[in-house]
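The next block holds one structure in the form of structure tokens; read it before the comments.
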Amino acid sequence: MTSTSGDQSIPRQAGSLPAALGLNVAGRSVPLWCALSGAAALLGLAIFARVMSEAIGHDEQIYMGAGALIDRYTLYQDVSYAHFPNLPILLSLVVGDSPGYHFLAARFTVFLCWMAFLGAFGALSWRLSKSLPITVLAILLIVSNPLFIDHAPMLVASHLFPVCLATFGFLFFVLAMERERRRSLYVFLCGASLSLAVGFKVNYVIVVPPFVVAAFLLPRSLKASDRLRRVVVPMALGGLIAGLPSIYYFLTHTDAFLFNTVEYFTGPHRAYWNEPARASTVTGLSLRSRIIFAYQLWGTGASVVILVGLCYCFAALALSRDRSAAWRQLAVYPVPITLALTALGVLISFVVKPAFPQYYMPPIPFMILLLVCLLAAMTAEQRQHARPLIAALAVSAFLLGAPQLLQDLPKLAAPSTWTGIQVHNTATRMREHLGTNAGRPRVATLSPIYAIDAGLEIYPQLASGPFFFRVGDYLSPEQRAAYNITSPSTVHVLFDAAPPDAILIGHEGELDEPLKAYALAHGYVRVPEPIGTDRYGGSILYVRPVGSAPAASEPPAKADPAGLAPQ
């Protein structure tokens with residue numbers, strides 16, 4: 001057993017990483033090193049292929065739209081956005097006003113996040129266990145889990161970024177407990193990472209309390225005053241600095257910030273989905289249905305492998321010859337932290353309704369880290385007996401997840417099939433039909449990603465894609481005016497005041513109908529063939545005739561209650 005600054009830590013196998021890998025001068029274990037390197041390369045390529053090939057998602061519209069306009073408009077006040085501001089700020093670095101592969105660059109940013117996440121998760125698992133087999137198992141349990149390799153985590157959305165940052169926060173905290181010399185720096189980085197995670201998605205506020213409590217208690221070798229000075233204050237300072245973007249918007253645009261991030265979900269969002277015609281298309285409107293949905297997601301695939309491993313570990317520790325020593329190991333700080341994070345992750349999954357799979361991601365990585373901690377807490381004899389189980393869990397996870405994880409590898413040889421390339425091709429055709437003689441044409445669309453890649457202007461009222469547009473008629477006129485929101489029944493007023501040069505539809509079902517009605521009523525000319533397709537349909541472009549003048553119009557019909565298929 002090792003110790004850190006006078007505190008007990010989870011038992012770890014002695015030796016450095018090269019020793020654990022078995023590398024030596026004689027080269028006896030070089031094949032193992034080559035095998036691990038090859039497996040890591042294959043994993044990276046598989047993730048790259050998944051990210052680049054995953055079909056476009058509705059969610060990506062709101063993030064890309066906000067990222068494109070955040071430099072020119074005020075987020076929340078002028079541009080509606082339902083989350084904390086970190087992702088639009090990040091995307092503003094890869095989205096420009098001129099034509100370009102902006103969406104492809106954004107997807108590549110997601111891939112980089114995946115690599116950072118897996119690197120941090122592997123490093124954290126190693127720090128907690130000092131065991132190569134356990135570390136490999138932990139990574140396999142992540143990359144084989146359906147919630148992590150399905151549709152949502154591959155999108156330009158706030159699903160993966162907070163998980164990555166929370167993992168870094170945990171890693172920095174462990175380093176702070178182990179390394180006295182740079183402890184204040186590591187806890188500062190821990191606080192900053194956790195705060196950044198919350199700034200990407202407020203649900204991940206759950207990661208903050210366990211580490212705040214731990215900061216006041218650890219390391220035990222320090223006096224309370226020294227912990228306050230060297231641990232608590234640096235962590236709080238890191239969190240404060242990293243949280244400045246959210247704090248800024250909250251203080252300067254309080255009403256708009258709270259409306260977008262809180263009232264949207266508790267008011268019009270729920271009202272929209274509670275309509276009878278829509279309620280039948282989604283799940284999780286009641287607590288009972290959310291529990292059943294969670295059981296379906298957490299009770300299949302690699303999630304079951306995690307649960308089997310946890311049950312074995314608890315049983316082994318409970319049946320240990322020296323039970324008091326076993327239970328003392330469970331009190332060492334990583335175990336309570338991972339237990340708390342897992343419990344809070346489970347609870348936060350049931351907060352938002354209706355339920356979508358990505359809402360149930362939070363507890364998964366912490367369950368895996370809990371398994372890592374429990375395996376590391378075993379005695380040498382128990383770990384020896386657990387080796388076949390670890391191997392069986394790893395093989396089971398791989399077999400369950402490999403078909404989905406590796407499915408897009410063949411597409412690496414055909415970049416033209418990548419979603420970012422297809423989006424840019426559609427955007428290029430759209431720009432060709434519009435020309436550039438009139439400066440920067442403005443496009444009315446609920447799919448702003450295409451206009452962004454084409455370097456065209458979009459309406460800030462429609463930058464969120466379908467999300468605020470579809471709930472606009474559930475708001476009062478005062479609310480729509482205060483937060484710069486339009487709706488199916490009022491969008492014609494926006495267009496009359498500032499006529500679009502083109503109208504792009506075809507991806508949002510009945511929500512596109514008011515835009516189509518405006519195009520037909522005002523003589524817009526439809527491009528004969530769809531200029532591109534995605535998973536939701538063909539891109540249909542209406543172009544305003546040169547020299548035409550807008551005319552007063554009647555409000556278009558309200559969108560059909562069946563509305564948009566949920567994603």
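Chain lettering (A, B, ...) mirrors the order of the structure tokens, residue numbering begins at 1 for each chain separately, and ligand numbering begins at 1 in order of display.
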So which residues touch Leu310 in chain A within 10 Å, counting only C-alpha atoms, skipping near sequence neighbours fewer than 4 positions away, as a ChimeraX atom specification?
-> /A:304-306,314-316,367-368,370-372,374-375
Output file for the residues above (N, CA, C and O atoms, as an mmCIF file, in the first residue's frame):
data_model
loop_
_atom_site.group_PDB
_atom_site.id
_atom_site.type_symbol
_atom_site.label_atom_id
_atom_site.label_comp_id
_atom_site.auth_asym_id
_atom_site.auth_seq_id
_atom_site.Cartn_x
_atom_site.Cartn_y
_atom_site.Cartn_z
ATOM 1 N N VAL A 304 -24.367 -3.454 -18.590
ATOM 2 C CA VAL A 304 -24.553 -4.668 -17.794
ATOM 3 C C VAL A 304 -23.205 -5.213 -17.347
ATOM 4 O O VAL A 304 -23.058 -5.701 -16.214
ATOM 5 N N VAL A 305 -22.195 -5.112 -18.222
ATOM 6 C CA VAL A 305 -20.863 -5.570 -17.869
ATOM 7 C C VAL A 305 -20.343 -4.788 -16.661
ATOM 8 O O VAL A 305 -19.732 -5.348 -15.745
ATOM 9 N N ILE A 306 -20.599 -3.476 -16.647
ATOM 10 C CA ILE A 306 -20.175 -2.654 -15.503
ATOM 11 C C ILE A 306 -20.872 -3.131 -14.230
ATOM 12 O O ILE A 306 -20.236 -3.288 -13.176
ATOM 13 N N PHE A 314 -18.134 -5.782 -4.805
ATOM 14 C CA PHE A 314 -18.760 -5.611 -3.495
ATOM 15 C C PHE A 314 -18.878 -6.946 -2.772
ATOM 16 O O PHE A 314 -18.668 -7.028 -1.558
ATOM 17 N N ALA A 315 -19.200 -7.991 -3.518
ATOM 18 C CA ALA A 315 -19.310 -9.317 -2.899
ATOM 19 C C ALA A 315 -17.948 -9.795 -2.401
ATOM 20 O O ALA A 315 -17.831 -10.335 -1.286
ATOM 21 N N ALA A 316 -16.907 -9.589 -3.202
ATOM 22 C CA ALA A 316 -15.568 -10.024 -2.799
ATOM 23 C C ALA A 316 -15.099 -9.289 -1.559
ATOM 24 O O ALA A 316 -14.507 -9.887 -0.649
ATOM 25 N N MET A 367 -19.474 5.271 -12.828
ATOM 26 C CA MET A 367 -19.648 3.861 -12.476
ATOM 27 C C MET A 367 -18.401 3.059 -12.840
ATOM 28 O O MET A 367 -17.964 2.182 -12.086
ATOM 29 N N ILE A 368 -17.837 3.368 -13.993
ATOM 30 C CA ILE A 368 -16.622 2.667 -14.416
ATOM 31 C C ILE A 368 -15.465 2.992 -13.480
ATOM 32 O O ILE A 368 -14.694 2.105 -13.074
ATOM 33 N N LEU A 370 -15.735 3.868 -10.398
ATOM 34 C CA LEU A 370 -16.019 3.177 -9.141
ATOM 35 C C LEU A 370 -15.539 1.733 -9.224
ATOM 36 O O LEU A 370 -14.935 1.208 -8.266
ATOM 37 N N LEU A 371 -15.790 1.082 -10.349
ATOM 38 C CA LEU A 371 -15.307 -0.284 -10.551
ATOM 39 C C LEU A 371 -13.784 -0.328 -10.486
ATOM 40 O O LEU A 371 -13.199 -1.233 -9.871
ATOM 41 N N VAL A 372 -13.123 0.647 -11.090
ATOM 42 C CA VAL A 372 -11.666 0.726 -11.038
ATOM 43 C C VAL A 372 -11.184 0.828 -9.594
ATOM 44 O O VAL A 372 -10.252 0.130 -9.172
ATOM 45 N N LEU A 374 -12.737 -0.078 -6.834
ATOM 46 C CA LEU A 374 -13.022 -1.295 -6.073
ATOM 47 C C LEU A 374 -12.043 -2.407 -6.418
ATOM 48 O O LEU A 374 -11.583 -3.145 -5.533
ATOM 49 N N LEU A 375 -11.705 -2.535 -7.691
ATOM 50 C CA LEU A 375 -10.713 -3.538 -8.076
ATOM 51 C C LEU A 375 -9.354 -3.211 -7.471
ATOM 52 O O LEU A 375 -8.619 -4.099 -7.031
#
Give me the residues within 9 Å of range 148-150 of chain A as a list in words, counting only C-alpha atoms and dropping any in the same chain fewer than 6 places off.
-> Ile47, Arg50, Glu54, Ile142, Leu160, Gln358, Met361, Ile364, Gly401, Gln404 and Leu405 of chain A
Identify, with DSSP run on backbone atoms, the residues in range 441-480 of chain A assigned to alpha helix (DSSP H), and express the list as a PyMOL selection string.
-> chain A and resi 448-453+466-469+477-480
Write the residues of the preceding selection, restricted to N, CA, C and O atoms, as an mmCIF file, in the first residue's frame.
data_model
loop_
_atom_site.group_PDB
_atom_site.id
_atom_site.type_symbol
_atom_site.label_atom_id
_atom_site.label_comp_id
_atom_site.auth_asym_id
_atom_site.auth_seq_id
_atom_site.Cartn_x
_atom_site.Cartn_y
_atom_site.Cartn_z
ATOM 1 N N PRO A 448 -29.553 26.186 -39.959
ATOM 2 C CA PRO A 448 -28.539 27.216 -40.234
ATOM 3 C C PRO A 448 -27.154 26.672 -40.538
ATOM 4 O O PRO A 448 -26.319 27.407 -41.065
ATOM 5 N N ILE A 449 -26.882 25.410 -40.255
ATOM 6 C CA ILE A 449 -25.548 24.864 -40.510
ATOM 7 C C ILE A 449 -25.164 25.026 -41.975
ATOM 8 O O ILE A 449 -24.019 25.358 -42.302
ATOM 9 N N TYR A 450 -26.118 24.806 -42.873
ATOM 10 C CA TYR A 450 -25.818 24.901 -44.300
ATOM 11 C C TYR A 450 -25.475 26.329 -44.698
ATOM 12 O O TYR A 450 -24.534 26.559 -45.473
ATOM 13 N N ALA A 451 -26.212 27.285 -44.190
ATOM 14 C CA ALA A 451 -25.930 28.687 -44.507
ATOM 15 C C ALA A 451 -24.591 29.116 -43.912
ATOM 16 O O ALA A 451 -23.854 29.906 -44.509
ATOM 17 N N ILE A 452 -24.250 28.601 -42.743
ATOM 18 C CA ILE A 452 -22.972 28.940 -42.107
ATOM 19 C C ILE A 452 -21.810 28.436 -42.950
ATOM 20 O O ILE A 452 -20.833 29.155 -43.178
ATOM 21 N N ASP A 453 -21.889 27.203 -43.426
ATOM 22 C CA ASP A 453 -20.821 26.666 -44.271
ATOM 23 C C ASP A 453 -20.720 27.424 -45.587
ATOM 24 O O ASP A 453 -19.631 27.506 -46.170
ATOM 25 N N PRO A 466 -34.756 24.701 -34.956
ATOM 26 C CA PRO A 466 -36.169 24.509 -34.631
ATOM 27 C C PRO A 466 -36.518 24.735 -33.164
ATOM 28 O O PRO A 466 -37.690 24.834 -32.825
ATOM 29 N N PHE A 467 -35.532 24.852 -32.275
ATOM 30 C CA PHE A 467 -35.794 24.689 -30.851
ATOM 31 C C PHE A 467 -36.610 25.826 -30.235
ATOM 32 O O PHE A 467 -37.589 25.578 -29.533
ATOM 33 N N PHE A 468 -36.231 27.063 -30.440
ATOM 34 C CA PHE A 468 -37.029 28.157 -29.885
ATOM 35 C C PHE A 468 -38.160 28.542 -30.832
ATOM 36 O O PHE A 468 -39.189 29.043 -30.392
ATOM 37 N N PHE A 469 -37.969 28.293 -32.119
ATOM 38 C CA PHE A 469 -39.019 28.575 -33.093
ATOM 39 C C PHE A 469 -40.278 27.774 -32.793
ATOM 40 O O PHE A 469 -41.392 28.304 -32.804
ATOM 41 N N PRO A 477 -46.534 37.702 -26.567
ATOM 42 C CA PRO A 477 -45.861 38.650 -27.466
ATOM 43 C C PRO A 477 -44.748 39.423 -26.768
ATOM 44 O O PRO A 477 -43.720 39.720 -27.379
ATOM 45 N N GLU A 478 -44.949 39.724 -25.502
ATOM 46 C CA GLU A 478 -43.928 40.454 -24.747
ATOM 47 C C GLU A 478 -42.664 39.614 -24.584
ATOM 48 O O GLU A 478 -41.548 40.137 -24.690
ATOM 49 N N GLN A 479 -42.843 38.334 -24.323
ATOM 50 C CA GLN A 479 -41.676 37.460 -24.192
ATOM 51 C C GLN A 479 -40.935 37.315 -25.510
ATOM 52 O O GLN A 479 -39.699 37.352 -25.546
ATOM 53 N N ARG A 480 -41.684 37.144 -26.602
ATOM 54 C CA ARG A 480 -41.019 37.024 -27.904
ATOM 55 C C ARG A 480 -40.232 38.279 -28.230
ATOM 56 O O ARG A 480 -39.116 38.213 -28.750
#
What's the 12 Å shell around range 324-326 of chain A, counting only C-alpha atoms, without same-chain residues fewer than 4 positions away, as a list in words?
->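 That gives Gln8, Ile10, Pro11, Cys313, Phe314, Ala315, Ala316, Leu317, Ala318, Leu319, Ser320, Leu330, Ala331, Val332, Leu374, Leu375, Ala376, Ala377, Met378, Thr379 and Gln382 of chain A.
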Those residues you just picked out, can you put them in a file as a PDB file, in the first residue's frame with C-alpha atoms?
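So the final result, stored in out_32.pdb, reads:
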ATOM      1  CA  GLN A   8      -4.252   6.271   3.013  1.00  0.00           C
ATOM      2  CA  ILE A  10      -6.244   2.701  -2.602  1.00  0.00           C
ATOM      3  CA  PRO A  11      -3.800  -0.227  -2.830  1.00  0.00           C
ATOM      4  CA  CYS A 313     -16.297  -6.391  -6.262  1.00  0.00           C
ATOM      5  CA  PHE A 314     -18.760  -5.611  -3.495  1.00  0.00           C
ATOM      6  CA  ALA A 315     -19.310  -9.317  -2.899  1.00  0.00           C
ATOM      7  CA  ALA A 316     -15.568 -10.024  -2.799  1.00  0.00           C
ATOM      8  CA  LEU A 317     -14.944  -7.204  -0.338  1.00  0.00           C
ATOM      9  CA  ALA A 318     -17.880  -8.242   1.814  1.00  0.00           C
ATOM     10  CA  LEU A 319     -16.613 -11.838   1.982  1.00  0.00           C
ATOM     11  CA  SER A 320     -13.031 -10.818   2.662  1.00  0.00           C
ATOM     12  CA  LEU A 330     -13.881   1.637   0.861  1.00  0.00           C
ATOM     13  CA  ALA A 331     -13.533   4.765   2.976  1.00  0.00           C
ATOM     14  CA  VAL A 332     -10.423   5.934   1.103  1.00  0.00           C
ATOM     15  CA  LEU A 374     -13.022  -1.295  -6.073  1.00  0.00           C
ATOM     16  CA  LEU A 375     -10.713  -3.538  -8.076  1.00  0.00           C
ATOM     17  CA  ALA A 376      -7.740  -1.515  -6.858  1.00  0.00           C
ATOM     18  CA  ALA A 377      -8.945  -1.793  -3.256  1.00  0.00           C
ATOM     19  CA  MET A 378      -8.701  -5.583  -3.309  1.00  0.00           C
ATOM     20  CA  THR A 379      -5.870  -7.460  -1.680  1.00  0.00           C
ATOM     21  CA  GLN A 382      -8.311 -11.041  -4.382  1.00  0.00           C
TER      22      GLN A 382
END
From the list A:Val527, A:Ile458, A:Val543, A:Ala355, which residue is nearest Ser289 in chain A when using only C-alpha atoms?
-> A:Ala355
Near range 95-100 of chain A, within 12 Å and counting only C-alpha atoms, which residues show up once chain neighbours fewer than 3 positions away are dropped, as number ranges by chain?
-> A: 63-72, 87-92, 103-107, 109, 420-421, 423-432, 436, 439-441, 449-458
Extract, using only C-alpha atoms, all DNA, RNA and protein residues at most 12 Å from range 225-229 of chain A, discarding same-chain residues fewer than 2 positions from it, and format them as JSON, numbers by chain.
-> {"A": [176, 177, 180, 183, 184, 187, 188, 212, 213, 214, 215, 216, 217, 218, 219, 220, 221, 222, 223, 231, 232, 233, 234, 235, 236, 237]}
Go through A:Leu112, A:Val79, A:Leu165, A:Leu175 one by one, measure the shortest atom-to-atom distance of each to Val205 in chain A using only C-alpha atoms, and give the residue with the smallest value.
->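 Ranking A:Leu112, A:Val79, A:Leu165, A:Leu175 by distance to Val205 in chain A, first place goes to A:Leu165.
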Which residues come within 7 Å of Tyr360 in chain A, counting only C-alpha atoms, excluding same-chain residues fewer than 2 positions away, as a PyMOL selection string?
-> chain A and resi 294+349+357-358+362
Could those selected residues go to a file with N, CA, C and O atoms, as an mmCIF file, in the first residue's frame?
data_model
loop_
_atom_site.group_PDB
_atom_site.id
_atom_site.type_symbol
_atom_site.label_atom_id
_atom_site.label_comp_id
_atom_site.auth_asym_id
_atom_site.auth_seq_id
_atom_site.Cartn_x
_atom_site.Cartn_y
_atom_site.Cartn_z
ATOM 1 N N ALA A 294 -34.678 4.513 -18.440
ATOM 2 C CA ALA A 294 -33.348 4.364 -17.858
ATOM 3 C C ALA A 294 -32.976 2.890 -17.740
ATOM 4 O O ALA A 294 -31.826 2.500 -18.012
ATOM 5 N N SER A 349 -30.113 12.447 -14.218
ATOM 6 C CA SER A 349 -30.627 11.887 -15.474
ATOM 7 C C SER A 349 -32.144 11.971 -15.561
ATOM 8 O O SER A 349 -32.704 11.918 -16.666
ATOM 9 N N PRO A 357 -31.812 9.697 -24.914
ATOM 10 C CA PRO A 357 -30.719 8.853 -24.423
ATOM 11 C C PRO A 357 -29.544 9.607 -23.823
ATOM 12 O O PRO A 357 -28.960 9.181 -22.828
ATOM 13 N N GLN A 358 -29.173 10.759 -24.425
ATOM 14 C CA GLN A 358 -27.991 11.475 -23.937
ATOM 15 C C GLN A 358 -28.158 11.983 -22.509
ATOM 16 O O GLN A 358 -27.166 12.276 -21.832
ATOM 17 N N PRO A 362 -24.486 10.796 -17.817
ATOM 18 C CA PRO A 362 -23.641 11.224 -16.696
ATOM 19 C C PRO A 362 -23.134 10.143 -15.761
ATOM 20 O O PRO A 362 -21.940 10.157 -15.404
#
